[in-house]
Amino acid sequence: MPTFDSYHQGFVGRDKLIPTTRKNPCVLCGNTSGKCREANDLRLCMEYTTSSLAIPGYRFTGLSKDGLWGVWVVDDGASYSKEDREQWWQEQQIRRHLREQAEAAQRAQSLPAVERDRHYQRLLSHLTLHPEDRADLHRRGLSEAHIKAGGFVSVEQWQKLPEDFPLTLPGVNLDGRSLNVSGPGYLCPIRDIDGLIVGLQLRLRDVKDSGRYRWLSSVTHNRPNGQPPNLPNGELPLAVFRPEVTTRQAIALVEGTGPKPFITSQRLGVITVGAAGGLFAASSETLRVTLGRLATELGTRRIEFFPDAGSLENPHVLRQYWATWELLEQQGYLVHVGWWGQVSKAHPDIDELEDVEAIAFLSPHTFLAMAPADVAATVAAHIQQADAAKVEARLSQEQVRERYRVETDRLMAECNGLRVEPTLTLSGRYIPSGLLQLPQTAGTVVIDGPMGVGKTSTALKELVEQHRRQYPTAFRCLLTPRNALGRQSAAVLGLPHHTAFKGFGPCPTEVTLCPESGWRFPTKRLPDGPPLILIDEVSQLLHQVLEGKTSGQNHALNLHWLRSLLQWVNAQGGWIVLSEDGITNLEIDLIAQASGLEVIEFFKFERTDSERRDMTLFSSPSLTWAEIKNRLNKGENLVIASDSATWLRHTREMAIAKASTFAQLDTSEITLTEARSILEELEASQEQREVAHKRLLQDKLPGVNLNDPHFILKALVENNGRFLKTAELLWMARNPKAAQWLDRWTWINEFTQATRRGQFASYTRLSFRSGQAKLLSECPLQPFIDGTIEQWDNNSWEAIAVHQWAVLHRHQFRRYLRLTIAEDHPPVKTVNKLLRKLGYEVKHQGWKGNREQRERQYGITNLEDADREAILKALEERFIQRLKEKEGIAETEDAVPVIATCIEIPLLPSCDHGPQPDWSHCPQDVLEIMQAAWLDAENTQQRQVVLDAIAEYGRAIAS
C-alpha cells in the first residue's frame, strides 16, 4: 500500500495548483476525482473545510475566497511524528475503501429505471396539487394542461402514503408509508430519455436559509445508508422534456430539473435536457447516452445552451458551464450559447423570457468575453490551469506508455534472445553421422537446427542408441506436443508409442508420449538409472502444457507430472535433450528452473541449401475425396483445381453422409459410464467415439430425436455444430441462475480434484457460463428476440440502445464471448452481431427512406425454429433432472426459468463427500497400482471403475 511519505515527497517542487487524480490522490481526504488541488506546501481540500479536524503534519488556514476549499499548509513544526502521519494516512485509506464499498452497495440496491417509474407513478397517483403550488406554476406561465402533463403534485412535511412502497425507492422512509420531505412543497418528476420517471425533486414552498430545490432521498442523519437519488451508475438523473410539437432541430440544455426546462421545451418547441444545479458534467455518462440517442433521433448535433441570468457575474457558475461545454465538444457536439442580455439577476431566465425571438446565439468564447474583467480573469486562470493539468496528465500517460513499450521490448528481447553460446556450430545440408556423443556428466543438451536436416533421424537417434548400449535398463522417453509427430518419430528412434502399452502393468523402459498422457507413467514406477528424456519441438510443447487447452481436466496434473519428471532426471543423474528450430532463452530457462540442470552441450546446425520438392498437378474432375485423403496421408503435395460450385456440392454431400451415418448409430448397448470412458481412451476407434458421443448427447438432450439425419446435419454437422452451441447459449441467457448452477457444479469438481491431488485448479477449466449468461440477459436485446421489433436500421432507438449498452460493456463482451464491440460501429452491426451469436439469422429486408437518406432494414429470418425450441425444452428438462439429482431439489410445476431464478445457490463445499475406496480389500501386490489409479482418476466414472475393481478383489478374497 502507498505510504503517506511516498505521496508527500512527490509534491516537492511544484508551483501550480494541480488537480488530484487516481495516480495522485489528495493526501488529506484521498479524493481522486480532481476536486482537490495541491501546489508545493499548499493543499486545497473540498472534503475537509474546518479547523476542528486535526490532520498530522498540516495546519488549517481558512477557506478559499469562493468558500469551496479548505486551505491547508504543511506544518513541519507541529509535534507529529512520522508514525502519526503514517497512521493518519492508513486510516484515510481505510475510510476511502469503506466509503467505496458503501457506495457500491448502494448502487447495487438501486432500482432500475422501469421499477422506479412503476413505483413513482403509483406514488404520484395518490397525491394532489396544493392551491398555493398551483398558483406558483400558473405564475410561471404553465397552463392546466402543462401542469397535468408535467405530473406536478404537492406534499406536506413527512408526507403519509396510503400503501407500502419499497425501501429501495429514493425518498421512502423506513416505515415504507411516508416520504422523507422536510417541508411542504411540490414534487417535480424527473423523466429520462425513455420517458420513465427515475427521480423526484422537491420545490419547497417556504425557504429561509438554503436552496429551494431538494432531491427526494432516503438518506438522513439517522439513516446514512438510505437510498440516494442516484441512478445505478452512481450519477444523478438528468431530466428530458419533450414539447407537444418539435419545431427546432436542436437539443436544449437548461439548468434545473423542474418547471424551468419543462417551460423551455414547451415555449421553444425544442427537446430540453435539464440538470440539477447545471451540473451536466457530473452526470457525464448519462449525458452521453441521452444526447447520443437524441442526436440520432433528431439528426443533429447542435446544442443550444441557455445560461441563467446573472451567470456572467459568478465565476463558479461559469467554470461549471465551461466544463460542460468542453465535455460536449469532446463528444462532437456544436455548442451555441443563448443570449438575450441576461447580464444580471435583474434580467429574466429562459423560462421567464416573454420574447423568445430576442434570443441570439453566441460561441462559448464570445459569451465568456462578455463577463466583467475580474470574473473573466478568474475563469481564464481556471481554464488555463485545467488545460495545463490535462497536458501534464497526457504527458504522464505518454511517459507511462513509453516506459511500458521499452520494458516490453526489453522482455521480448530477453525471452527471444539466446545468452547460451553453442559449444559446436556446423553448416551444410544434413547433420553428419557420428558427430554427437552422450555427455559424461548429467545436464541438458540442446540441438538447434531447421526442419529436414536430420535432428531426429541422425542426432537424436544416435543419442538414443548410445544410451541404450550404455544403460540398457534405464528409462528413455521422447516427449512430443502431438501424437502424429510422436508416432512418426517413435518409428525413427525405436521408442514405442505409449498406446502400445495397456493397463497399469510394469512401466516400460522406452516410450514415446505427449505430456497429456504422462500420468500413466508416474516417476516412482520408472526404472532406476540415468534416464534420457528427449523433448522434440520444445517451444510448442511448453506452450501447450502451460496454457492447458489440450489438458482437459488434467492441467494441474500434467504440469505436476512434467515438473516431477524433469526433477527426477536430475536426481537420477540423467540427461534432457531439447530439439528445436530457433531455441530461445525462454525454453532453456523454463527447463533449467523446472529440472535444476544446466546446459552442458549446445549443438547449432545451419542449413546452407534446400531440397527441391516434386509436385504433381491433377486436373482430372474424377479425383474423389477418398483419393485426395489417401494421397495426403502418403505425404503428397496436392493442388486441386475446381470451381466453387463443384467443391461445395462435394462438401455438402460429405456432410449429409456424415449426418446419416451418425443418425444410424445404435447406442442401446452402451451406458453413460462406458461412453465417457471410451472418449478418454486414446486407442478407441472413430466409430466407438461417435457412438459414445451420441450416447452422451442423448443424455444431454432428452426427448430430442437424434436418429433424424436432418436434425443431425443442422445441429451437429454444419458449421461444426454451431446451431447446438448457439441454442445452449440462448438457453443460458434466458436462465442466468441456471448457468450459475452449471458453473457451480463444474467448479466443485475442479476444486475437489485439485484438493485431492494437492494441486492448483487450472483457470482454463473454470467455467464462465454464468458470466456469459448474465451479460446477455442484461443486454436490451429482448425486443428483437421476442419479435416486438420486426425490422430495424441505424436510426431505430432500440438498436441504438443495444449498441450504447454494448459499448459500455465492450470489455465483458470481449472477455466472455470473444466479440469486438467498437463505439464507431453502426448500431445495426452491433445488434446483428449479438443476434447471430445467439443463433439467429439476420438478413437485409429492404430499404427505408428517400434516395438521399435511405437506410437498410434488417430482420430475423429464423425467429421461429422447431429444432431450436426442441433443444431449449430438452435443456430445461435435463437441468431440472440434474438439479434433483445433485441438490435434492424436487421438480415443481414452475417453469425452469422460475426455478433457476428463485433457488438460492449455496456456497461451494470444502471437502469431497463421494465414496472412498476400502484399501483393506486390495491385495498388496496391486495396492500401489490401484492407489495410483485412484489418484489419477479424472472424473466420477474413472473413480467408479477403480471402486468396482477393488470390490472384485474383495469378492475374490472372500471366496
# chains A, B, ... in the order shown; residues from 1 in each chain; ligands from 1
>>> select_by_dssp(residues="range 375-532 of chain A", states="helix (DSSP H, G or I)", output="PyMOL selection string")
chain A and resi 375-416+455-470+483-493+498-500+515-520+523-525
>>> residues_around(residues="range 861-866 of chain A", least_positions_apart="4", cutoff="7 Å", atoms="only C-alpha atoms", output="list in words")
Tyr840, Glu841, Val842, Lys843 and Ala870 of chain A
>>> write_last_selection(atoms="N, CA, C and O atoms", output="PDB file, in the first residue's frame")
ATOM      1  N   TYR A 840     -29.448 -16.575 -34.301  1.00  0.00           N
ATOM      2  CA  TYR A 840     -30.468 -16.025 -35.194  1.00  0.00           C
ATOM      3  C   TYR A 840     -29.832 -15.586 -36.510  1.00  0.00           C
ATOM      4  O   TYR A 840     -28.740 -15.012 -36.521  1.00  0.00           O
ATOM      5  N   GLU A 841     -30.540 -15.850 -37.584  1.00  0.00           N
ATOM      6  CA  GLU A 841     -30.078 -15.439 -38.911  1.00  0.00           C
ATOM      7  C   GLU A 841     -30.636 -14.048 -39.211  1.00  0.00           C
ATOM      8  O   GLU A 841     -31.853 -13.861 -39.260  1.00  0.00           O
ATOM      9  N   VAL A 842     -29.766 -13.085 -39.412  1.00  0.00           N
ATOM     10  CA  VAL A 842     -30.162 -11.703 -39.674  1.00  0.00           C
ATOM     11  C   VAL A 842     -29.810 -11.371 -41.116  1.00  0.00           C
ATOM     12  O   VAL A 842     -28.661 -11.550 -41.538  1.00  0.00           O
ATOM     13  N   LYS A 843     -30.811 -10.891 -41.845  1.00  0.00           N
ATOM     14  CA  LYS A 843     -30.587 -10.581 -43.261  1.00  0.00           C
ATOM     15  C   LYS A 843     -31.219  -9.241 -43.619  1.00  0.00           C
ATOM     16  O   LYS A 843     -32.109  -8.747 -42.938  1.00  0.00           O
ATOM     17  N   ALA A 870     -36.946 -27.376 -29.617  1.00  0.00           N
ATOM     18  CA  ALA A 870     -36.776 -28.733 -29.082  1.00  0.00           C
ATOM     19  C   ALA A 870     -35.523 -28.811 -28.209  1.00  0.00           C
ATOM     20  O   ALA A 870     -35.524 -29.437 -27.144  1.00  0.00           O
TER      21      ALA A 870
END
>>> residues_around(residues="Ile588 in chain A", least_positions_apart="6", cutoff="9 Å", atoms="only C-alpha atoms", output="PyMOL selection string")
chain A and resi 418+420+444+446+578+598-599
>>> write_last_selection(atoms="N, CA, C and O atoms", output="CSV table (one decimal), in the first residue's frame")
chain,number,residue,atom,x,y,z
A,418,LEU,N,19.2,-15.3,-27.0
A,418,LEU,CA,19.9,-16.5,-26.6
A,418,LEU,C,21.3,-16.1,-26.0
A,418,LEU,O,22.2,-15.6,-26.6
A,420,VAL,N,23.1,-18.4,-24.1
A,420,VAL,CA,24.0,-19.6,-24.1
A,420,VAL,C,24.7,-19.7,-25.4
A,420,VAL,O,24.0,-19.7,-26.5
A,444,THR,N,21.7,-30.7,-19.5
A,444,THR,CA,20.8,-30.5,-20.7
A,444,THR,C,21.6,-30.4,-21.9
A,444,THR,O,22.6,-29.6,-22.0
A,446,VAL,N,21.3,-29.3,-26.0
A,446,VAL,CA,20.4,-28.5,-26.9
A,446,VAL,C,20.9,-28.8,-28.3
A,446,VAL,O,22.1,-28.7,-28.6
A,578,LEU,N,16.9,-31.2,-25.7
A,578,LEU,CA,15.9,-30.3,-26.3
A,578,LEU,C,16.2,-30.1,-27.8
A,578,LEU,O,17.3,-29.7,-28.2
A,598,GLU,N,21.7,-27.5,-15.9
A,598,GLU,CA,22.2,-26.5,-16.8
A,598,GLU,C,22.6,-27.1,-18.1
A,598,GLU,O,22.8,-28.3,-18.3
A,599,VAL,N,22.7,-26.2,-19.1
A,599,VAL,CA,23.1,-26.7,-20.5
A,599,VAL,C,24.6,-27.0,-20.4
A,599,VAL,O,25.4,-26.2,-20.1
>>> residues_around(residues="Glu516 in chain A", least_positions_apart="5", cutoff="9 Å", atoms="only C-alpha atoms", output="list of chain:residue names")
A:Pro481, A:Val545, A:Thr550, A:Ser551, A:Gly552, A:Asn554, A:His555, A:Leu557, A:Asn558
>>> write_last_selection(atoms="all heavy atoms", output="PDB file, in the first residue's frame")
ATOM      1  N   PRO A 481       4.678 -32.658 -28.738  1.00  0.00           N
ATOM      2  CA  PRO A 481       3.418 -31.954 -28.484  1.00  0.00           C
ATOM      3  C   PRO A 481       2.221 -32.611 -29.151  1.00  0.00           C
ATOM      4  O   PRO A 481       1.081 -32.398 -28.709  1.00  0.00           O
ATOM      5  CB  PRO A 481       3.678 -30.553 -29.052  1.00  0.00           C
ATOM      6  CG  PRO A 481       4.746 -30.745 -30.077  1.00  0.00           C
ATOM      7  CD  PRO A 481       5.594 -31.870 -29.586  1.00  0.00           C
ATOM      8  N   VAL A 545       1.575 -27.187 -22.683  1.00  0.00           N
ATOM      9  CA  VAL A 545       1.392 -27.645 -21.312  1.00  0.00           C
ATOM     10  C   VAL A 545       1.030 -26.488 -20.386  1.00  0.00           C
ATOM     11  O   VAL A 545       0.147 -26.606 -19.530  1.00  0.00           O
ATOM     12  CB  VAL A 545       2.667 -28.352 -20.803  1.00  0.00           C
ATOM     13  CG1 VAL A 545       2.551 -28.696 -19.336  1.00  0.00           C
ATOM     14  CG2 VAL A 545       2.919 -29.610 -21.612  1.00  0.00           C
ATOM     15  N   THR A 550      -5.192 -28.310 -24.150  1.00  0.00           N
ATOM     16  CA  THR A 550      -5.303 -29.709 -24.575  1.00  0.00           C
ATOM     17  C   THR A 550      -5.289 -30.670 -23.393  1.00  0.00           C
ATOM     18  O   THR A 550      -5.256 -31.881 -23.591  1.00  0.00           O
ATOM     19  CB  THR A 550      -4.131 -30.058 -25.517  1.00  0.00           C
ATOM     20  OG1 THR A 550      -2.899 -29.856 -24.822  1.00  0.00           O
ATOM     21  CG2 THR A 550      -4.161 -29.196 -26.762  1.00  0.00           C
ATOM     22  N   SER A 551      -5.326 -30.127 -22.175  1.00  0.00           N
ATOM     23  CA  SER A 551      -5.201 -30.973 -20.990  1.00  0.00           C
ATOM     24  C   SER A 551      -6.531 -31.414 -20.409  1.00  0.00           C
ATOM     25  O   SER A 551      -6.555 -32.220 -19.478  1.00  0.00           O
ATOM     26  CB  SER A 551      -4.409 -30.238 -19.903  1.00  0.00           C
ATOM     27  OG  SER A 551      -3.096 -29.978 -20.329  1.00  0.00           O
ATOM     28  N   GLY A 552      -7.638 -30.882 -20.937  1.00  0.00           N
ATOM     29  CA  GLY A 552      -8.926 -31.245 -20.356  1.00  0.00           C
ATOM     30  C   GLY A 552      -8.973 -30.842 -18.899  1.00  0.00           C
ATOM     31  O   GLY A 552      -8.653 -29.715 -18.533  1.00  0.00           O
ATOM     32  N   ASN A 554      -7.062 -32.072 -16.639  1.00  0.00           N
ATOM     33  CA  ASN A 554      -5.809 -32.505 -16.013  1.00  0.00           C
ATOM     34  C   ASN A 554      -4.675 -31.500 -16.178  1.00  0.00           C
ATOM     35  O   ASN A 554      -3.511 -31.882 -16.220  1.00  0.00           O
ATOM     36  CB  ASN A 554      -5.371 -33.857 -16.591  1.00  0.00           C
ATOM     37  CG  ASN A 554      -6.329 -34.959 -16.228  1.00  0.00           C
ATOM     38  OD1 ASN A 554      -6.956 -34.929 -15.171  1.00  0.00           O
ATOM     39  ND2 ASN A 554      -6.478 -35.919 -17.117  1.00  0.00           N
ATOM     40  N   HIS A 555      -5.014 -30.207 -16.280  1.00  0.00           N
ATOM     41  CA  HIS A 555      -3.957 -29.222 -16.491  1.00  0.00           C
ATOM     42  C   HIS A 555      -2.941 -29.259 -15.349  1.00  0.00           C
ATOM     43  O   HIS A 555      -1.730 -29.351 -15.567  1.00  0.00           O
ATOM     44  CB  HIS A 555      -4.591 -27.832 -16.603  1.00  0.00           C
ATOM     45  CG  HIS A 555      -3.608 -26.766 -16.990  1.00  0.00           C
ATOM     46  ND1 HIS A 555      -3.878 -25.430 -16.889  1.00  0.00           N
ATOM     47  CD2 HIS A 555      -2.344 -26.845 -17.471  1.00  0.00           C
ATOM     48  CE1 HIS A 555      -2.836 -24.732 -17.291  1.00  0.00           C
ATOM     49  NE2 HIS A 555      -1.884 -25.561 -17.657  1.00  0.00           N
ATOM     50  N   LEU A 557      -2.473 -31.622 -13.185  1.00  0.00           N
ATOM     51  CA  LEU A 557      -1.840 -32.935 -13.130  1.00  0.00           C
ATOM     52  C   LEU A 557      -0.696 -33.040 -14.144  1.00  0.00           C
ATOM     53  O   LEU A 557       0.390 -33.540 -13.830  1.00  0.00           O
ATOM     54  CB  LEU A 557      -2.882 -34.019 -13.398  1.00  0.00           C
ATOM     55  CG  LEU A 557      -2.381 -35.461 -13.423  1.00  0.00           C
ATOM     56  CD1 LEU A 557      -1.866 -35.865 -12.053  1.00  0.00           C
ATOM     57  CD2 LEU A 557      -3.484 -36.403 -13.880  1.00  0.00           C
ATOM     58  N   ASN A 558      -0.917 -32.534 -15.368  1.00  0.00           N
ATOM     59  CA  ASN A 558       0.114 -32.620 -16.407  1.00  0.00           C
ATOM     60  C   ASN A 558       1.323 -31.746 -16.068  1.00  0.00           C
ATOM     61  O   ASN A 558       2.472 -32.147 -16.282  1.00  0.00           O
ATOM     62  CB  ASN A 558      -0.470 -32.210 -17.756  1.00  0.00           C
ATOM     63  CG  ASN A 558      -1.527 -33.176 -18.245  1.00  0.00           C
ATOM     64  OD1 ASN A 558      -1.567 -34.339 -17.821  1.00  0.00           O
ATOM     65  ND2 ASN A 558      -2.412 -32.717 -19.110  1.00  0.00           N
TER      66      ASN A 558
END
>>> atom_distance(atom1="CA of Gly839 in chain A", atom2="CA of Asp708 in chain A")
20.5 Å
>>> atom_distance(atom1="CA of Thr246 in chain A", atom2="CA of Ile263 in chain A")
13.5 Å
>>> closest_residue(among="A:Ser218, A:Ser457, A:Gln782, A:Asn416", to="Pro432 in chain A", atoms="only C-alpha atoms")
A:Ser457
>>> select_by_dssp(residues="range 399-584 of chain A", states="strand (DSSP E)", output="PDB file with C-alpha atoms, in the first residue's frame")
ATOM      1  CA  LEU A 424      29.588 -26.749 -31.587  1.00  0.00           C
ATOM      2  CA  THR A 425      28.410 -24.973 -34.762  1.00  0.00           C
ATOM      3  CA  LEU A 426      28.215 -26.558 -38.219  1.00  0.00           C
ATOM      4  CA  SER A 427      26.515 -25.833 -41.538  1.00  0.00           C
ATOM      5  CA  GLY A 428      25.525 -27.939 -44.514  1.00  0.00           C
ATOM      6  CA  GLY A 443      22.736 -31.944 -17.739  1.00  0.00           C
ATOM      7  CA  THR A 444      20.784 -30.516 -20.654  1.00  0.00           C
ATOM      8  CA  VAL A 445      21.758 -30.998 -24.290  1.00  0.00           C
ATOM      9  CA  VAL A 446      20.425 -28.536 -26.880  1.00  0.00           C
ATOM     10  CA  ILE A 447      20.141 -29.377 -30.592  1.00  0.00           C
ATOM     11  CA  ASP A 448      19.134 -26.368 -32.704  1.00  0.00           C
ATOM     12  CA  ARG A 476      14.333 -43.493 -22.383  1.00  0.00           C
ATOM     13  CA  CYS A 477      11.430 -41.232 -23.344  1.00  0.00           C
ATOM     14  CA  LEU A 478      10.504 -38.970 -26.248  1.00  0.00           C
ATOM     15  CA  LEU A 479       8.081 -36.143 -25.470  1.00  0.00           C
ATOM     16  CA  GLU A 510      11.297 -46.948 -23.617  1.00  0.00           C
ATOM     17  CA  VAL A 511       8.237 -44.917 -24.617  1.00  0.00           C
ATOM     18  CA  THR A 512       7.046 -42.009 -26.782  1.00  0.00           C
ATOM     19  CA  LEU A 513       4.203 -39.869 -25.492  1.00  0.00           C
ATOM     20  CA  LEU A 532      17.375 -39.902 -21.253  1.00  0.00           C
ATOM     21  CA  ILE A 533      14.427 -37.543 -21.902  1.00  0.00           C
ATOM     22  CA  LEU A 534      14.122 -36.183 -25.438  1.00  0.00           C
ATOM     23  CA  ILE A 535      11.810 -33.199 -25.990  1.00  0.00           C
ATOM     24  CA  ASP A 536      11.023 -32.514 -29.643  1.00  0.00           C
ATOM     25  CA  TRP A 575      20.054 -36.030 -19.476  1.00  0.00           C
ATOM     26  CA  ILE A 576      17.405 -33.807 -21.037  1.00  0.00           C
ATOM     27  CA  VAL A 577      17.755 -33.253 -24.792  1.00  0.00           C
ATOM     28  CA  LEU A 578      15.943 -30.254 -26.310  1.00  0.00           C
ATOM     29  CA  SER A 579      15.347 -30.305 -30.070  1.00  0.00           C
ATOM     30  CA  GLU A 580      14.112 -27.091 -31.685  1.00  0.00           C
TER      31      GLU A 580
END
>>> atom_distance(atom1="CA of Gly183 in chain A", atom2="CA of Gly211 in chain A")
12.5 Å
>>> closest_residue(among="A:Leu883, A:Ile591, A:Ile656, A:Val356", to="Trp741 in chain A", atoms="only C-alpha atoms")
A:Leu883
>>> residues_around(residues="Asp117 in chain A", least_positions_apart="5", cutoff="9 Å", atoms="only C-alpha atoms", output="PyMOL selection string")
chain A and resi 112+122+191+195-199
>>> residues_around(residues="Thr480 in chain A", least_positions_apart="5", cutoff="10 Å", atoms="only C-alpha atoms", output="list in words")
Leu485, Gly486, Arg487, Ser489, Ala490, Thr512, Leu513, Cys514, Pro515, Leu534, Ile535, Asp536, Glu537, Val538, Gln540, Leu541 and Leu542 of chain A
>>> write_last_selection(atoms="N, CA, C and O atoms", output="compact mmCIF listing (two decimals), in the first residue's frame")
# COMPACT_ATOMS: atom_id res chain seq x y z
N LEU A 485 3.13 -36.46 -34.62
CA LEU A 485 4.58 -36.31 -34.63
C LEU A 485 5.23 -37.40 -33.79
O LEU A 485 6.28 -37.96 -34.16
N GLY A 486 4.60 -37.75 -32.66
CA GLY A 486 5.16 -38.78 -31.79
C GLY A 486 5.25 -40.13 -32.48
O GLY A 486 6.27 -40.84 -32.36
N ARG A 487 4.17 -40.52 -33.17
CA ARG A 487 4.19 -41.82 -33.86
C ARG A 487 5.25 -41.85 -34.96
O ARG A 487 5.94 -42.85 -35.18
N SER A 489 8.07 -39.99 -35.12
CA SER A 489 9.41 -40.01 -34.53
C SER A 489 9.69 -41.32 -33.80
O SER A 489 10.83 -41.78 -33.74
N ALA A 490 8.63 -41.92 -33.22
CA ALA A 490 8.81 -43.19 -32.50
C ALA A 490 9.34 -44.27 -33.43
O ALA A 490 10.19 -45.09 -33.05
N THR A 512 7.29 -43.33 -26.16
CA THR A 512 7.05 -42.01 -26.78
C THR A 512 5.64 -41.56 -26.39
O THR A 512 4.69 -42.34 -26.50
N LEU A 513 5.52 -40.34 -25.95
CA LEU A 513 4.20 -39.87 -25.49
C LEU A 513 4.12 -38.35 -25.50
O LEU A 513 5.14 -37.66 -25.62
N CYS A 514 2.88 -37.85 -25.37
CA CYS A 514 2.62 -36.43 -25.16
C CYS A 514 2.51 -36.18 -23.65
O CYS A 514 2.16 -37.10 -22.90
N PRO A 515 2.77 -34.99 -23.19
CA PRO A 515 2.67 -34.73 -21.74
C PRO A 515 1.28 -35.04 -21.18
O PRO A 515 1.16 -35.39 -20.01
N LEU A 534 14.04 -36.98 -24.22
CA LEU A 534 14.12 -36.18 -25.44
C LEU A 534 12.84 -35.36 -25.58
O LEU A 534 11.73 -35.91 -25.49
N ILE A 535 12.98 -34.07 -25.81
CA ILE A 535 11.81 -33.20 -25.99
C ILE A 535 11.91 -32.57 -27.37
O ILE A 535 12.77 -31.72 -27.62
N ASP A 536 11.04 -33.02 -28.27
CA ASP A 536 11.02 -32.51 -29.64
C ASP A 536 10.04 -31.34 -29.73
O ASP A 536 8.97 -31.37 -29.13
N GLU A 537 10.42 -30.30 -30.51
CA GLU A 537 9.62 -29.08 -30.62
C GLU A 537 9.28 -28.56 -29.22
O GLU A 537 8.13 -28.43 -28.83
N VAL A 538 10.32 -28.24 -28.47
CA VAL A 538 10.18 -27.92 -27.06
C VAL A 538 9.34 -26.66 -26.84
O VAL A 538 8.57 -26.57 -25.87
N GLN A 540 6.75 -25.45 -28.60
CA GLN A 540 5.33 -25.76 -28.73
C GLN A 540 4.86 -26.63 -27.58
O GLN A 540 3.75 -26.45 -27.05
N LEU A 541 5.69 -27.57 -27.16
CA LEU A 541 5.29 -28.46 -26.08
C LEU A 541 5.10 -27.68 -24.77
O LEU A 541 4.10 -27.88 -24.05
N LEU A 542 6.03 -26.77 -24.45
CA LEU A 542 5.91 -26.00 -23.21
C LEU A 542 4.71 -25.07 -23.27
O LEU A 542 3.98 -24.91 -22.28
>>> closest_residue(among="A:Trp792, A:Tyr816, A:Phe60, A:Trp731", to="Leu775 in chain A", atoms="only C-alpha atoms")
A:Tyr816
>>> residues_around(residues="range 368-385 of chain A", least_positions_apart="2", cutoff="12 Å", atoms="only C-alpha atoms", output="PyMOL selection string")
chain A and resi 15-19+37-39+65-66+307+310-323+325-326+337+339+341-344+362-366+387-392
